[in-house]
Structures are given as C-alpha cells and as structure tokens.
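One structure below.
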Amino acid sequence: MSSQPRLHRHSPEIRAFGTVTQLPIALSHDARQYSCQRLNRILADTQFLYALYKKHHWGAHGPTFYHLHLLLDRHAQEQLDLVDVLAERVHSLGGVAVGDPRHAAEITGVPRPPDGVEDVAAVLSRLLDAHETILAEARDAATRTVRLGDDSTQDLLVSQVIRIGEAQVRFLAEHLVVTPRTGA
C-alpha cells in the first residue's frame with residue numbers, strides 16, 4: 001500500500017445544481033425546490049456583498065479611514081457568516097448551494113462595481129444599494145416560503161438576513177448624514 005496521494009482526480013456531478021434530494025423533513029418537494037431557488041439567489045447576492053465590503057475595506061481612505069476600515073471589515077465578517085448559514089440551509093433542504101463565484105456572478109442581482117477605488121460617499125451608496133437588493137429579495141422570499149410551510153427558511157431570512165442587513169444599513173447610512181454647521 002502506497003502513501004502517495006492520488007492526485008488530479010475528477011468526477012462527474014453526482015447532484016446537479018437546481019435539484020433537491022428527498023429528505024424526511026416534512027416539507028414537500030415543491031416547497032424545498034422553491035426555498036432552495038430563493039436562498040441561492042440571496043446567497044449569491046450575499047457573496048457579492050461580502051466581496052464589496054472587502055473591496056471597499058481595502059480601499060478605504062480619507063479622514064474617516066480608520067473607523068470606516070474597521071466597520072467595513074466587521075460588516076464583511078457578518079456577511080461571510082451569513083453566506084455559511086444560507087448555504088447550510090440550502091443543503092438542509094436537500095439542495096445544492098451556489099459556491100463557485102463565477103456561478104454566483106451569473107445569478108446575483110447586485111451590480112458590479114468599478115474595478116478602481118471610488119470616493120467614500122459612492123462606496124457607502126453602493127453598499128446601501130446592495131443591501132436594499134438583498135433585503136427586498138429576503139422579505140419577499142420570507143413571505144412566500146412561510147406560505148409553503150417552510151418556517152425554518154422564513155425564520156433564517158427574518159432573524160438573520162433581514163435583521164443583520166437592517167443593522168448594517170443603519171451604520172452605513174449614518175456615515176452619509178450631513179450635519180449642519182452651527183454659529184460662526
């Protein structure tokens with residue numbers, strides 16, 4: 001017996017993206033299929049939001065650099081945690097989570113940013129727009145999945161995706177508040 005690793009192995013797909021396997025979780029095939037489809041869209045959007053946060057974290061600049069740098073990194077980590085939770089839920093439903101960034105790029109609704117560095121107001125606006133895309137999708141999916149009896153997916157969307165997204169929006173939006181000058 002050799003201790004040499006067997007490298008360069010390939011395999012055909014054993015489960016195709018967009019399909020669900022039967023699991024004894026008391027949810028219909030159609031409900032699980034629908035939830036997986038919606039979760040994968042939100043997962044792709046969340047993967048891109050995470051990447052946007054990291055891009056802008058690395059390119060932070062200006063007088064609020066330090067605080068913005070830390071905030072964007074903290075938000076990125078929270079989004080990365082959501083990526084894992086969303087993917088795990090898809091698999092719990094018997095589906096296949098979107099995992100390849102090229103595949104996620106095909107199904108995301110979050111617009112691609114410029115390759116370079118933008119000013120801080122544009123960065124924050126871009127992040128807020130991405131959050132709004134995800135929040136609208138998550139709210140609609142939560143409403144529809146609960147109608148199909150998928151309370152766990154609805155709970156995940158409301159208690160994690162929407163709750164965290166709304167909190168992050170608040171912190172970002174505060175950086176765009178213009179305070180009037182007082183007396184001179």
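Labels for the structure tokens follow display order: chains A, B, ..., residues from 1 in each chain, ligands from 1.
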
* With a distance cut-off of 12 Å and only C-alpha atoms, select the neighbouring residues of Phe65 in chain A, excluding the residue or stretch itself and same-chain residues fewer than 5 positions from it, and output the selection as an MDAnalysis selection string. => chainID A and resid 56:60 70:73 119:120 175

Just all heavy atoms for this one: save the residues we selected as a CSV table (one decimal), in the first residue's frame.
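Below you can see result-v1.csv, which holds the result:
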chain,number,residue,atom,x,y,z
A,56,HIS,N,-14.0,47.5,-0.5
A,56,HIS,CA,-14.1,48.8,0.0
A,56,HIS,C,-13.3,48.9,1.3
A,56,HIS,O,-12.7,50.0,1.6
A,56,HIS,CB,-15.5,49.3,0.1
A,56,HIS,CG,-16.2,49.3,-1.2
A,56,HIS,ND1,-15.7,49.9,-2.3
A,56,HIS,CD2,-17.5,48.9,-1.6
A,56,HIS,CE1,-16.5,49.8,-3.3
A,56,HIS,NE2,-17.6,49.2,-2.9
A,57,HIS,N,-13.2,47.9,2.1
A,57,HIS,CA,-12.4,47.8,3.3
A,57,HIS,C,-10.9,48.1,2.9
A,57,HIS,O,-10.2,48.9,3.5
A,57,HIS,CB,-12.5,46.5,4.0
A,57,HIS,CG,-11.4,46.1,4.9
A,57,HIS,ND1,-11.4,46.6,6.2
A,57,HIS,CD2,-10.4,45.3,4.8
A,57,HIS,CE1,-10.3,46.1,6.8
A,57,HIS,NE2,-9.7,45.3,6.0
A,58,TRP,N,-10.4,47.4,1.8
A,58,TRP,CA,-9.1,47.5,1.4
A,58,TRP,C,-8.8,48.9,0.8
A,58,TRP,O,-7.7,49.4,0.9
A,58,TRP,CB,-8.7,46.5,0.4
A,58,TRP,CG,-8.7,45.1,0.9
A,58,TRP,CD1,-8.3,44.6,2.1
A,58,TRP,CD2,-9.3,43.9,0.2
A,58,TRP,NE1,-8.6,43.3,2.3
A,58,TRP,CE2,-9.1,42.8,1.1
A,58,TRP,CE3,-9.8,43.7,-1.0
A,58,TRP,CZ2,-9.5,41.5,0.8
A,58,TRP,CZ3,-10.2,42.4,-1.3
A,58,TRP,CH2,-10.1,41.4,-0.4
A,59,GLY,N,-9.8,49.5,0.2
A,59,GLY,CA,-9.6,50.8,-0.5
A,59,GLY,C,-10.1,52.0,0.4
A,59,GLY,O,-10.2,53.1,-0.2
A,60,ALA,N,-10.4,51.8,1.6
A,60,ALA,CA,-10.9,52.9,2.5
A,60,ALA,C,-9.8,54.0,2.5
A,60,ALA,O,-8.6,53.7,2.5
A,60,ALA,CB,-11.2,52.4,3.9
A,70,LEU,N,-12.4,49.7,9.9
A,70,LEU,CA,-12.9,48.7,10.9
A,70,LEU,C,-14.3,48.3,10.7
A,70,LEU,O,-14.7,47.1,10.8
A,70,LEU,CB,-12.7,49.2,12.3
A,70,LEU,CG,-11.2,49.5,12.7
A,70,LEU,CD1,-11.2,50.1,14.1
A,70,LEU,CD2,-10.4,48.2,12.7
A,71,LEU,N,-15.2,49.3,10.4
A,71,LEU,CA,-16.6,49.0,10.2
A,71,LEU,C,-16.8,48.1,9.0
A,71,LEU,O,-17.6,47.1,9.1
A,71,LEU,CB,-17.4,50.3,10.0
A,71,LEU,CG,-18.9,50.1,9.7
A,71,LEU,CD1,-19.6,49.6,11.0
A,71,LEU,CD2,-19.5,51.5,9.3
A,72,LEU,N,-16.2,48.4,7.9
A,72,LEU,CA,-16.4,47.6,6.7
A,72,LEU,C,-15.9,46.2,6.9
A,72,LEU,O,-16.5,45.2,6.4
A,72,LEU,CB,-15.7,48.2,5.5
A,72,LEU,CG,-16.3,49.6,5.1
A,72,LEU,CD1,-15.5,50.2,3.9
A,72,LEU,CD2,-17.7,49.6,4.8
A,73,ASP,N,-14.8,46.0,7.6
A,73,ASP,CA,-14.3,44.7,7.9
A,73,ASP,C,-15.3,43.9,8.8
A,73,ASP,O,-15.5,42.7,8.6
A,73,ASP,CB,-12.9,44.7,8.5
A,73,ASP,CG,-12.1,43.4,8.4
A,73,ASP,OD1,-12.3,42.8,7.3
A,73,ASP,OD2,-11.4,43.1,9.3
A,119,ASP,N,-15.0,57.3,-4.3
A,119,ASP,CA,-15.0,58.1,-3.1
A,119,ASP,C,-15.9,57.5,-2.1
A,119,ASP,O,-16.7,56.6,-2.4
A,119,ASP,CB,-15.4,59.6,-3.5
A,119,ASP,CG,-16.8,59.8,-3.9
A,119,ASP,OD1,-17.7,59.2,-3.3
A,119,ASP,OD2,-17.0,60.5,-4.8
A,120,VAL,N,-15.8,57.9,-0.9
A,120,VAL,CA,-16.4,57.3,0.3
A,120,VAL,C,-18.0,57.3,0.1
A,120,VAL,O,-18.6,56.3,0.4
A,120,VAL,CB,-16.0,57.9,1.6
A,120,VAL,CG1,-16.8,57.4,2.8
A,120,VAL,CG2,-14.5,57.6,1.8
A,175,HIS,N,-23.0,57.4,8.1
A,175,HIS,CA,-21.8,58.0,7.6
A,175,HIS,C,-22.2,59.0,6.4
A,175,HIS,O,-21.3,59.7,6.0
A,175,HIS,CB,-20.9,56.9,7.0
A,175,HIS,CG,-20.1,56.2,8.1
A,175,HIS,ND1,-18.9,56.7,8.6
A,175,HIS,CD2,-20.4,55.1,8.9
A,175,HIS,CE1,-18.5,55.9,9.6
A,175,HIS,NE2,-19.4,55.0,9.8

Write out as a Markdown table the residues of range 72-120 of chain A that have any atom within 12 Å of an atom of range 145-163 of chain A, one row each with the nearest atom pair and its distance in Å to one decimal, counting only C-alpha atoms, sorted by chain and then rising number.
| residue | atom | partner | partner_atom | distance |
| --- | --- | --- | --- | --- |
| A:Glu78 | CA | A:Val161 | CA | 9.9 |
| A:Gln79 | CA | A:Val161 | CA | 8.7 |
| A:Leu80 | CA | A:Val161 | CA | 11.4 |
| A:Asp81 | CA | A:Gln160 | CA | 10.0 |
| A:Leu82 | CA | A:Val161 | CA | 7.0 |
| A:Val83 | CA | A:Val161 | CA | 9.7 |
| A:Asp84 | CA | A:Val161 | CA | 11.7 |
| A:Val85 | CA | A:Leu156 | CA | 8.3 |
| A:Leu86 | CA | A:Leu156 | CA | 8.0 |
| A:Ala87 | CA | A:Leu156 | CA | 11.5 |
| A:Glu88 | CA | A:Thr153 | CA | 10.9 |
| A:Arg89 | CA | A:Thr153 | CA | 7.3 |
| A:Val90 | CA | A:Thr153 | CA | 9.0 |
| A:His91 | CA | A:Thr153 | CA | 11.8 |
| A:Ser92 | CA | A:Thr153 | CA | 10.1 |
| A:Leu93 | CA | A:Thr153 | CA | 9.3 |

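Closest to Val98 in chain A among A:Ala16, A:Ala142, A:Ala121, A:Ile134 is A:Ala16, based on only C-alpha atoms.
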
* Asked: Which of these residues is nearest to Gln22 in chain A, using only C-alpha atoms: A:Ser3, A:Ala51, A:Gly94, A:Gln77?
  -> A:Gly94

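Among the candidates A:His10, A:Arg38, A:Arg112, A:His29, the residue lying nearest to Ala130 in chain A is A:Arg112 (atoms considered: only C-alpha atoms).
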
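Here CA of Ala97 in chain A is placed at a distance of 8.4 Å from CA of Leu39 in chain A.
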